[in-house]
file work.txt (compact mmCIF, C-alpha atoms)
# COMPACT_ATOMS: atom_id res chain seq x y z
CA MET A 1 30.60 46.45 79.84
CA GLN A 2 32.09 48.82 82.36
CA VAL A 3 35.56 50.29 82.66
CA ASP A 4 36.51 51.55 86.11
CA GLY A 5 32.86 51.68 87.09
CA LYS A 6 31.77 53.64 84.00
CA PRO A 7 29.78 52.09 81.13
CA LEU A 8 31.55 51.70 77.80
CA TRP A 9 29.40 52.73 74.85
CA SER A 10 29.71 51.57 71.27
CA SER A 11 27.53 52.00 68.18
CA VAL A 12 26.42 49.13 65.96
CA THR A 13 25.23 49.11 62.36
CA LEU A 14 22.04 47.16 61.64
CA PRO A 15 20.07 46.39 58.47
CA CYS A 16 17.72 49.15 57.44
CA GLU A 17 14.10 48.22 58.08
CA ARG A 18 11.06 50.14 59.19
CA LEU A 19 10.60 49.43 62.89
CA LEU A 20 7.33 49.49 64.79
CA PRO A 21 7.23 50.63 68.42
CA GLY A 22 8.95 48.11 70.65
CA PRO A 23 11.34 48.13 68.80
CA CYS A 24 9.65 45.56 66.57
CA GLY A 25 11.14 44.34 63.31
CA ALA A 26 10.60 41.41 60.98
CA ARG A 27 12.84 39.04 62.96
CA ILE A 28 12.99 40.42 66.51
CA LYS A 29 10.27 41.97 68.64
CA VAL A 30 10.64 43.54 72.09
CA VAL A 31 7.70 42.75 74.38
CA ASP A 32 8.55 44.47 77.65
CA TYR A 33 6.40 42.76 80.27
CA ASP A 34 7.63 42.41 83.86
CA ALA A 35 6.10 39.29 85.41
CA SER A 36 7.42 40.11 88.89
CA GLN A 37 5.54 43.41 89.04
CA ASP A 38 2.76 42.53 86.56
CA ARG A 39 3.75 45.60 84.61
CA CYS A 40 4.02 46.33 80.90
CA TYR A 41 6.50 49.04 79.94
CA ALA A 42 5.66 51.54 77.20
CA PRO A 43 7.49 50.52 73.99
CA LEU A 44 10.25 52.60 72.44
CA ASP A 45 9.16 54.57 69.40
CA GLY A 46 12.23 56.38 68.11
CA GLY A 47 10.61 57.80 65.00
CA TYR A 48 12.16 58.74 61.67
CA GLU A 49 13.54 61.83 59.98
CA ALA A 50 11.87 63.31 56.90
CA ASP A 51 14.39 61.48 54.70
CA GLY A 52 13.54 58.14 56.32
CA GLN A 53 16.60 57.92 58.55
CA PRO A 54 15.85 56.53 62.03
CA VAL A 55 16.14 58.85 65.00
CA ASP A 56 18.15 57.78 68.05
CA PRO A 57 16.35 59.41 70.98
CA PHE A 58 19.35 58.76 73.25
CA ALA A 59 22.12 60.14 71.04
CA ALA A 60 22.59 63.18 73.30
CA ALA A 61 21.57 61.57 76.59
CA SER A 62 24.02 61.14 79.45
CA SER A 63 25.22 57.73 80.57
CA ALA A 64 23.15 57.91 83.74
CA ALA A 65 20.01 58.82 81.81
CA ARG A 66 20.50 55.94 79.40
CA MET A 67 21.14 53.38 82.11
CA ARG A 68 17.93 54.09 84.00
CA ASP A 69 15.60 54.59 81.03
CA PRO A 70 13.57 51.41 80.22
CA ARG A 71 13.27 52.55 76.60
CA PHE A 72 17.05 52.57 76.16
CA GLN A 73 17.21 49.12 77.73
CA GLN A 74 14.72 47.98 75.10
CA GLN A 75 16.80 49.55 72.35
CA ASN A 76 20.03 48.04 73.68
CA ALA A 77 18.65 44.51 73.88
CA TYR A 78 17.17 44.78 70.38
CA ALA A 79 20.36 46.17 68.84
CA ILE A 80 22.67 43.52 70.32
CA ALA A 81 20.34 40.63 69.47
CA MET A 82 19.90 41.94 65.93
CA ARG A 83 23.66 42.37 65.56
CA ILE A 84 24.25 38.73 66.50
CA LEU A 85 21.51 37.57 64.13
CA CYS A 86 23.15 39.55 61.32
CA ARG A 87 26.54 38.00 62.10
CA PHE A 88 25.04 34.52 61.79
CA GLU A 89 23.22 35.26 58.55
CA ASN A 90 26.23 37.02 57.01
CA ALA A 91 28.51 34.13 57.98
CA LEU A 92 26.16 31.44 56.64
CA GLY A 93 24.96 33.40 53.61
CA ARG A 94 21.30 32.63 54.24
CA ARG A 95 18.38 33.35 56.53
CA VAL A 96 18.61 31.58 59.88
CA ASN A 97 15.39 29.99 61.13
CA TYR A 98 14.54 29.77 64.80
CA GLY A 99 13.94 26.53 66.69
CA PHE A 100 10.22 27.24 66.96
CA ASN A 101 7.36 27.92 64.57
CA GLY A 102 7.48 31.64 63.90
CA HIS A 103 9.62 34.32 62.32
CA GLN A 104 10.03 36.60 65.36
CA LEU A 105 12.14 36.12 68.45
CA HIS A 106 10.57 37.95 71.40
CA ILE A 107 12.73 39.82 73.91
CA ALA A 108 11.59 40.74 77.42
CA PRO A 109 14.22 43.19 78.80
CA HIS A 110 12.57 43.34 82.26
CA ALA A 111 11.09 39.85 82.47
CA PHE A 112 11.53 39.25 86.21
CA ALA A 113 13.30 40.41 89.36
CA ASP A 114 16.21 37.97 89.59
CA ALA A 115 19.88 37.75 88.68
CA ASN A 116 19.18 35.53 85.71
CA ALA A 117 18.64 35.39 81.96
CA TYR A 118 17.59 32.58 79.63
CA TYR A 119 16.30 31.52 76.21
CA SER A 120 13.01 29.58 76.10
CA ARG A 121 11.90 27.70 73.00
CA GLU A 122 8.36 27.28 74.31
CA SER A 123 7.74 31.01 74.78
CA ARG A 124 9.92 31.90 71.75
CA SER A 125 11.71 34.45 73.86
CA LEU A 126 14.83 35.77 75.51
CA CYS A 127 14.05 36.76 79.09
CA PHE A 128 16.32 39.08 81.06
CA GLY A 129 16.17 39.77 84.77
CA TYR A 130 17.21 42.66 86.98
CA PHE A 131 18.51 42.76 90.54
CA PRO A 132 19.88 45.15 93.19
CA ASP A 133 23.66 45.41 93.19
CA GLY A 134 24.00 46.15 96.90
CA GLU A 135 24.63 49.89 96.41
CA ASP A 136 21.01 51.05 96.15
CA ARG A 137 21.17 50.61 92.40
CA THR A 138 19.56 48.11 90.05
CA THR A 139 21.55 46.10 87.54
CA PHE A 140 19.75 45.14 84.34
CA THR A 141 21.12 42.09 82.55
CA CYS A 142 19.65 43.41 79.28
CA LEU A 143 22.32 46.14 79.34
CA SER A 144 25.16 43.60 79.19
CA HIS A 145 26.41 42.91 75.67
CA ASP A 146 27.89 39.65 76.93
CA ILE A 147 24.60 38.32 78.31
CA VAL A 148 22.34 39.45 75.45
CA ALA A 149 24.73 38.02 72.85
CA HIS A 150 25.05 34.76 74.80
CA GLU A 151 21.29 34.21 75.01
CA THR A 152 20.76 35.20 71.37
CA ALA A 153 23.38 32.65 70.33
CA HIS A 154 21.44 30.01 72.26
CA ALA A 155 18.31 30.83 70.24
CA LEU A 156 20.12 30.78 66.88
CA LEU A 157 22.02 27.57 67.64
CA ASP A 158 18.69 25.99 68.61
CA GLY A 159 17.37 26.88 65.16
CA LEU A 160 20.41 25.53 63.32
CA ARG A 161 20.86 22.39 65.42
CA PRO A 162 17.58 21.78 67.33
CA HIS A 163 18.72 18.45 68.79
CA TYR A 164 21.68 20.05 70.56
CA ILE A 165 19.26 21.19 73.26
CA GLU A 166 19.08 17.54 74.36
CA PRO A 167 22.21 16.56 76.33
CA SER A 168 22.72 13.22 74.58
CA SER A 169 26.35 13.33 75.67
CA PRO A 170 28.36 15.49 78.08
CA ASP A 171 30.02 17.21 75.11
CA GLN A 172 26.71 18.08 73.46
CA GLY A 173 25.37 19.47 76.72
CA GLY A 174 28.45 21.63 77.21
CA PHE A 175 28.62 22.75 73.58
CA HIS A 176 25.47 24.91 73.81
CA GLU A 177 27.05 26.87 76.66
CA GLY A 178 30.53 26.96 75.22
CA PHE A 179 29.49 28.03 71.73
CA SER A 180 27.26 30.80 73.10
CA ASP A 181 30.18 32.10 75.15
CA VAL A 182 32.43 32.00 72.07
CA VAL A 183 29.91 34.11 70.12
CA ALA A 184 29.53 36.58 72.99
CA LEU A 185 33.28 37.02 73.54
CA LEU A 186 34.36 37.22 69.90
CA SER A 187 31.55 39.65 69.07
CA ILE A 188 32.87 41.91 71.83
CA LEU A 189 36.50 41.54 70.76
CA SER A 190 35.63 42.32 67.13
CA ASP A 191 34.88 45.90 68.15
CA GLU A 192 38.04 48.00 67.75
CA ARG A 193 36.99 50.52 70.38
CA ILE A 194 36.59 47.80 73.00
CA VAL A 195 39.96 46.23 72.15
CA GLU A 196 41.61 49.66 72.39
CA THR A 197 39.89 50.37 75.71
CA ILE A 198 40.99 47.05 77.20
CA LEU A 199 44.61 47.48 76.10
CA THR A 200 44.61 51.03 77.46
CA ARG A 201 43.09 49.96 80.74
CA GLU A 202 45.71 47.24 81.14
CA LYS A 203 48.48 49.76 80.35
CA VAL A 204 49.60 47.93 77.22
CA MET A 205 49.16 51.28 75.54
CA SER A 206 48.31 54.79 76.74
CA ALA A 207 45.35 56.89 75.61
CA GLY A 208 46.35 58.68 72.44
CA GLN A 209 49.58 56.68 72.19
CA LYS A 210 50.65 55.82 68.65
CA LEU A 211 53.20 53.10 69.47
CA VAL A 212 53.10 49.82 71.40
CA ALA A 213 56.16 47.92 72.60
CA LYS A 214 56.48 44.47 71.00
CA LYS A 215 57.38 42.95 74.36
CA GLN A 216 53.83 43.76 75.48
CA LEU A 217 52.37 41.62 72.69
CA GLY A 218 53.57 38.12 73.52
CA ALA A 219 51.05 35.28 73.91
CA ASP A 220 51.06 35.37 77.71
CA ALA A 221 51.01 39.16 77.79
CA LEU A 222 48.04 39.38 75.42
CA ARG A 223 46.23 36.65 77.33
CA ARG A 224 46.70 38.50 80.60
CA SER A 225 45.87 41.93 79.28
CA THR A 226 43.07 41.15 76.84
CA LEU A 227 41.26 38.20 78.41
CA LEU A 228 41.72 39.19 82.04
CA GLY A 229 41.03 42.81 81.16
CA LEU A 230 37.83 41.75 79.40
CA ALA A 231 36.83 39.75 82.48
CA GLU A 232 37.23 42.79 84.69
CA CYS A 233 35.12 44.92 82.35
CA MET A 234 32.35 42.31 82.15
CA GLY A 235 32.37 41.28 85.78
CA GLU A 236 32.23 44.52 87.73
CA THR A 237 28.43 44.59 88.06
CA LEU A 238 27.50 40.93 87.69
CA PRO A 239 26.89 38.55 90.59
CA ASN A 240 28.84 35.38 91.31
CA GLY A 241 32.14 36.78 90.04
CA ALA A 242 32.38 36.57 86.27
CA ALA A 243 35.73 38.34 86.47
CA THR A 244 36.99 35.92 89.11
CA THR A 245 35.80 32.94 87.09
CA LEU A 246 37.58 34.04 83.93
CA ARG A 247 40.71 34.88 85.90
CA GLN A 248 40.77 31.37 87.36
CA SER A 249 40.15 29.67 84.03
CA VAL A 250 42.97 31.59 82.31
CA THR A 251 45.42 30.27 84.89
CA LEU A 252 43.93 26.76 85.04
CA VAL A 253 46.63 24.11 84.66
CA PRO A 254 45.91 21.97 81.55
CA THR A 255 45.33 18.28 82.01
CA PRO A 256 44.55 15.38 79.63
CA LYS A 257 41.83 14.24 82.06
CA TRP A 258 39.35 17.06 81.40
CA LEU A 259 36.87 14.93 79.44
CA ASP A 260 36.78 12.26 82.15
CA ASP A 261 36.91 14.63 85.10
CA PRO A 262 33.57 14.69 87.03
CA ALA A 263 34.16 18.40 87.67
CA PHE A 264 33.71 18.99 83.92
CA ALA A 265 30.48 17.01 83.65
CA GLU A 266 28.23 20.03 84.34
CA PRO A 267 27.34 21.74 81.00
CA HIS A 268 28.56 25.24 81.91
CA ARG A 269 31.88 23.89 83.19
CA ARG A 270 32.32 21.52 80.26
CA GLY A 271 31.72 24.43 77.93
CA GLU A 272 35.10 25.76 79.05
CA ILE A 273 36.82 23.28 76.71
CA PRO A 274 35.67 24.65 73.32
CA VAL A 275 35.94 28.21 74.64
CA ALA A 276 39.51 27.47 75.69
CA ALA A 277 40.37 26.29 72.19
CA VAL A 278 38.84 29.26 70.42
CA LEU A 279 40.17 31.98 72.74
CA ASN A 280 43.67 30.58 72.62
CA ALA A 281 43.35 30.40 68.83
CA PHE A 282 42.35 34.07 68.87
CA ILE A 283 45.52 34.98 70.75
CA GLU A 284 47.70 32.94 68.37
CA VAL A 285 46.07 34.34 65.22
CA TRP A 286 46.39 37.87 66.57
CA ARG A 287 50.09 37.34 67.33
CA HIS A 288 50.74 35.89 63.90
CA ARG A 289 49.08 38.87 62.24
CA LEU A 290 51.28 41.20 64.27
CA LYS A 291 54.42 39.47 62.98
CA GLY A 292 53.71 40.95 59.56
CA LEU A 293 53.74 44.52 60.85
CA GLY A 294 56.84 46.60 60.31
CA GLU A 295 58.37 48.39 63.28
CA ILE A 296 57.70 52.13 63.39
CA ARG A 297 60.59 52.47 65.79
CA ARG A 298 62.96 49.79 67.00
CA GLY A 299 60.89 47.44 69.18
CA TYR A 300 57.61 49.36 68.67
CA LEU A 301 54.54 48.80 66.46
CA ASP A 302 51.74 51.09 65.30
CA ALA A 303 49.10 51.01 68.06
CA SER A 304 46.17 51.50 65.68
CA ARG A 305 47.28 48.49 63.61
CA VAL A 306 47.62 46.36 66.73
CA VAL A 307 44.04 47.18 67.69
CA GLU A 308 42.76 46.71 64.13
CA ASP A 309 44.45 43.32 63.78
CA GLY A 310 43.04 42.13 67.10
CA ALA A 311 39.47 43.08 66.16
CA THR A 312 39.90 41.61 62.66
CA ALA A 313 41.22 38.31 64.05
CA ALA A 314 38.22 38.05 66.38
CA SER A 315 35.79 38.86 63.55
CA HIS A 316 37.27 36.29 61.15
CA LEU A 317 37.37 33.64 63.86
CA LEU A 318 33.75 34.29 64.79
CA THR A 319 32.71 33.84 61.15
CA MET A 320 34.57 30.53 60.94
CA CYS A 321 33.05 29.25 64.19
CA ILE A 322 29.54 30.03 62.96
CA ARG A 323 30.13 28.48 59.54
CA ALA A 324 31.52 25.35 61.15
CA LEU A 325 28.04 24.54 62.45
CA ASP A 326 27.01 23.59 58.91
CA TYR A 327 29.62 20.83 58.97
CA ALA A 328 28.94 19.57 62.49
CA PRO A 329 26.76 16.47 63.03
CA PRO A 330 23.07 17.16 63.70
CA ILE A 331 23.05 15.16 66.92
CA ASP A 332 25.37 13.47 69.42
CA LEU A 333 28.12 16.05 68.95
CA GLN A 334 31.59 15.43 70.29
CA PHE A 335 34.00 18.33 70.72
CA SER A 336 36.44 16.63 68.35
CA ASP A 337 33.76 16.74 65.61
CA TYR A 338 33.64 20.52 65.83
CA LEU A 339 37.09 21.66 66.87
CA SER A 340 39.75 19.46 65.38
CA SER A 341 38.79 18.22 61.99
CA ARG A 342 35.73 18.22 59.78
CA ALA A 343 33.78 21.30 60.83
CA ILE A 344 36.55 23.88 61.24
CA ARG A 345 38.50 22.59 58.25
CA SER A 346 35.44 22.77 56.01
CA ALA A 347 34.59 26.26 57.26
CA PHE A 348 38.18 27.33 56.57
CA ARG A 349 38.03 26.03 52.98
CA ARG A 350 34.66 27.72 52.48
CA ARG A 351 36.08 31.02 53.71
CA ARG A 352 39.00 30.80 51.28
CA SER A 353 36.74 30.01 48.34
CA LYS A 354 34.35 32.88 49.13
CA ALA A 355 36.92 35.57 49.94
CA SER A 356 40.38 34.95 48.58
CA SER A 357 41.43 38.44 49.60
CA VAL A 358 41.11 37.53 53.28
CA SER A 359 42.27 33.92 53.07
CA CYS A 360 45.71 34.95 54.27
CA GLU A 361 44.14 36.69 57.24
CA SER A 362 42.44 33.42 58.23
CA PHE A 363 45.73 31.68 57.49
CA SER A 364 46.06 29.40 60.49
CA ALA A 365 42.84 29.73 62.44
CA ARG A 366 41.96 26.20 61.45
CA SER A 367 45.05 24.71 63.04
CA ALA A 368 45.22 27.29 65.80
CA ILE A 369 41.83 26.21 67.15
CA ALA A 370 42.88 22.59 67.47
CA SER A 371 46.54 22.99 68.41
CA PRO A 372 46.16 24.83 71.75
CA ILE A 373 44.25 21.87 73.15
CA ARG A 374 45.55 19.13 70.82
CA ILE A 375 42.44 16.99 70.68
CA LYS A 376 43.19 13.33 70.10
CA ILE A 377 40.10 12.01 68.37
CA SER A 378 40.75 8.37 69.16
CA SER A 379 41.17 8.77 72.91
CA HIS A 380 39.38 12.12 73.39
CA GLN A 381 42.25 13.41 75.50
CA ILE A 382 42.70 17.12 75.76
CA SER A 383 45.56 19.29 76.95
CA GLY A 384 46.15 23.00 76.68
CA ASN A 385 45.31 26.36 78.16
CA VAL A 386 41.84 27.42 79.24
CA SER A 387 40.33 30.88 79.28
CA ARG A 388 36.58 31.56 79.53
CA PRO A 389 33.99 33.35 81.63
CA VAL A 390 31.47 30.87 83.02
CA ARG A 391 27.99 32.33 82.82
CA PRO A 392 27.09 33.71 86.24
CA LEU A 393 23.40 33.77 85.31
CA CYS A 394 21.95 30.34 84.67
CA LEU A 395 19.02 27.98 85.00
CA GLU A 396 19.22 24.24 85.45
CA TRP A 397 19.78 22.38 82.19
CA GLY A 398 16.75 20.87 80.53
CA VAL A 399 14.01 22.59 82.54
CA SER A 400 11.26 23.56 80.07
CA ARG A 401 13.93 23.69 77.37
CA GLU A 402 15.17 26.94 78.83
CA ILE A 403 18.85 27.59 78.32
CA ALA A 404 20.81 30.08 80.37
call {"tool": "encode", "arguments": {"input": "work.txt", "output": "structure tokens"}}
result
Amino acid sequence: MQVDGKPLWSSVTLPCERLLPGPCGARIKVVDYDASQDRCYAPLDGGYEADGQPVDPFAAASSAARMRDPRFQQQNAYAIAMRILCRFENALGRRVNYGFNGHQLHIAPHAFADANAYYSRESRSLCFGYFPDGEDRTTFTCLSHDIVAHETAHALLDGLRPHYIEPSSPDQGGFHEGFSDVVALLSILSDERIVETILTREKVMSAGQKLVAKKQLGADALRRSTLLGLAECMGETLPNGAATTLRQSVTLVPTPKWLDDPAFAEPHRRGEIPVAAVLNAFIEVWRHRLKGLGEIRRGYLDASRVVEDGATAASHLLTMCIRALDYAPPIDLQFSDYLSSRAIRSAFRRRRSKASSVSCESFSARSAIASPIRIKISSHQISGNVSRPVRPLCLEWGVSREIA
């Protein structure tokens, strides 16, 4: 992500394991081969302190040095993919198998020279491209949290529901894209620093400000500031206008004809429907959490609590969306199966039974996911607001089981 042309950095916490050069762990291995140049990059070997703590060789490096160093690009891709894997396994309470025979997912951070990225079951890999941005610089898709998380979600969904890779229905074809976007967006929004940066950038709050006006926290205001602000941060260096796409989808006029509209037959476009439901649920859950905050001053709330509640709402919602996969049918999925009834409701009950202390925080996510689009199961009509970034980097659906 970038803010005003400058990269936004954030640290992630990963399970402690002894890594081999690559990085290479038990579940994810970076194999940095560039097919376009027939070149194999030297693997990252960060090393360890005497007490066994891992060393970050880029802790003191400048932003420019990190961005152009292939070893940092390897580290970044590994860390984001591992973070998403951990979110899935923590949400489900078990090890998540891949959709292929093997225990390691391979990552190629510099796989080819093209503005593209994809997951391939056959090669057991996530492949990320790179391309010139028109300003004598090279953009690496492996540096984008959004893209790495999206492709990792494809690989994990393929392991949990292997038949979803076959577009047996328009909804099932679009679900792979939509669900991967949901994981990418909510994983970004669950980071407090990113939420704070977006709200500051959109002038909802000022840097170092301790109070936020309640009038800035309405549903439409949060949708404009958070979702459109996120689009701007994600889309500044990507081709085909990710920011423009999200901006258009936020303002898209709802219609009950979405499921029968030929324009929504293409998987990436149809994936807008579940993303619309979840992102609007995120806004509603965030607003409801804010209603419980006391005013620090008349008409003003504590800025740190606003940021914390936004990140917490995104984190809880992401957990519910992942858990709902256990209650979704193994094949021939319809959006109504996942969004409106069985899957989300069961995931909600499971969350309450496992963590009563946070059940109130997940209070209405179940209904909030369905209510913004009001799915009618019998007629499959949908209405509501839409907000999503369509993936700007994609391959055609069904080619060699590669999913963009």
call {"tool": "closest_residue", "arguments": {"input": "work.txt", "among": "A:Asp133, A:Asp181, A:Asp34, A:Asp51", "to": "Arg270 (chain A)", "atoms": "all atoms listed in the file"}}
result
A:Asp181
call {"tool": "atom_distance", "arguments": {"input": "work.txt", "atom1": "CA of Ile198 (chain A)", "atom2": "CA of Arg83 (chain A)"}}
result
21.4 Å
call {"tool": "residues_near_point", "arguments": {"input": "work.txt", "point": "(24.5, 38.7, 76.0)", "cutoff": "10 Å", "atoms": "all atoms listed in the file", "output": "PyMOL selection string"}}
result
chain A and resi 77+80-81+84+117-118+128+141-154+180-181+183-185+187-188+391
call {"tool": "closest_atom_pairs", "arguments": {"input": "work.txt", "of": "region 92-204 of chain A", "to": "region 303-308 of chain A", "cutoff": "12 Å", "atoms": "only C-alpha atoms", "output": "Markdown table"}}
result
| residue | atom | partner | partner_atom | distance |
| --- | --- | --- | --- | --- |
| A:Leu189 | CA | A:Val307 | CA | 9.9 |
| A:Ser190 | CA | A:Glu308 | CA | 8.9 |
| A:Asp191 | CA | A:Glu308 | CA | 8.9 |
| A:Glu192 | CA | A:Val307 | CA | 6.1 |
| A:Arg193 | CA | A:Val307 | CA | 8.3 |
| A:Ile194 | CA | A:Val307 | CA | 9.2 |
| A:Val195 | CA | A:Val307 | CA | 6.1 |
| A:Glu196 | CA | A:Val307 | CA | 5.8 |
| A:Thr197 | CA | A:Val307 | CA | 9.6 |
| A:Ile198 | CA | A:Val307 | CA | 10.0 |
| A:Leu199 | CA | A:Val307 | CA | 8.4 |
| A:Thr200 | CA | A:Ala303 | CA | 10.4 |
| A:Val204 | CA | A:Ala303 | CA | 9.7 |
call {"tool": "write_last_selection", "arguments": {"input": "work.txt", "atoms": "C-alpha atoms", "output": "PDB file, keeping the file's coordinate frame"}}
result
ATOM      1  CA  LEU A 189      36.500  41.540  70.760  1.00  0.00           C
ATOM      2  CA  SER A 190      35.630  42.320  67.130  1.00  0.00           C
ATOM      3  CA  ASP A 191      34.880  45.900  68.150  1.00  0.00           C
ATOM      4  CA  GLU A 192      38.040  48.000  67.750  1.00  0.00           C
ATOM      5  CA  ARG A 193      36.990  50.520  70.380  1.00  0.00           C
ATOM      6  CA  ILE A 194      36.590  47.800  73.000  1.00  0.00           C
ATOM      7  CA  VAL A 195      39.960  46.230  72.150  1.00  0.00           C
ATOM      8  CA  GLU A 196      41.610  49.660  72.390  1.00  0.00           C
ATOM      9  CA  THR A 197      39.890  50.370  75.710  1.00  0.00           C
ATOM     10  CA  ILE A 198      40.990  47.050  77.200  1.00  0.00           C
ATOM     11  CA  LEU A 199      44.610  47.480  76.100  1.00  0.00           C
ATOM     12  CA  THR A 200      44.610  51.030  77.460  1.00  0.00           C
ATOM     13  CA  VAL A 204      49.600  47.930  77.220  1.00  0.00           C
TER      14      VAL A 204
END
call {"tool": "residues_near_point", "arguments": {"input": "work.txt", "point": "(54.7, 52.2, 68.4)", "cutoff": "6 Å", "atoms": "only C-alpha atoms", "output": "count of residues only"}}
result
8
call {"tool": "atom_distance", "arguments": {"input": "work.txt", "atom1": "CA of Glu272 (chain A)", "atom2": "CA of Ser169 (chain A)"}}
result
15.6 Å
call {"tool": "residues_around", "arguments": {"input": "work.txt", "residues": "region 260-269 of chain A", "least_positions_apart": "4", "cutoff": "6 Å", "atoms": "all atoms listed in the file", "output": "list in words"}}
result
Gly173, Gly174 and Glu177 of chain A
call {"tool": "atom_distance", "arguments": {"input": "work.txt", "atom1": "CA of Val31 (chain A)", "atom2": "CA of Val96 (chain A)"}}
result
21.3 Å
call {"tool": "closest_residue", "arguments": {"input": "work.txt", "among": "A:Ala108, A:Leu317, A:Ala61, A:Met205", "to": "Gln74 (chain A)", "atoms": "only C-alpha atoms"}}
result
A:Ala108
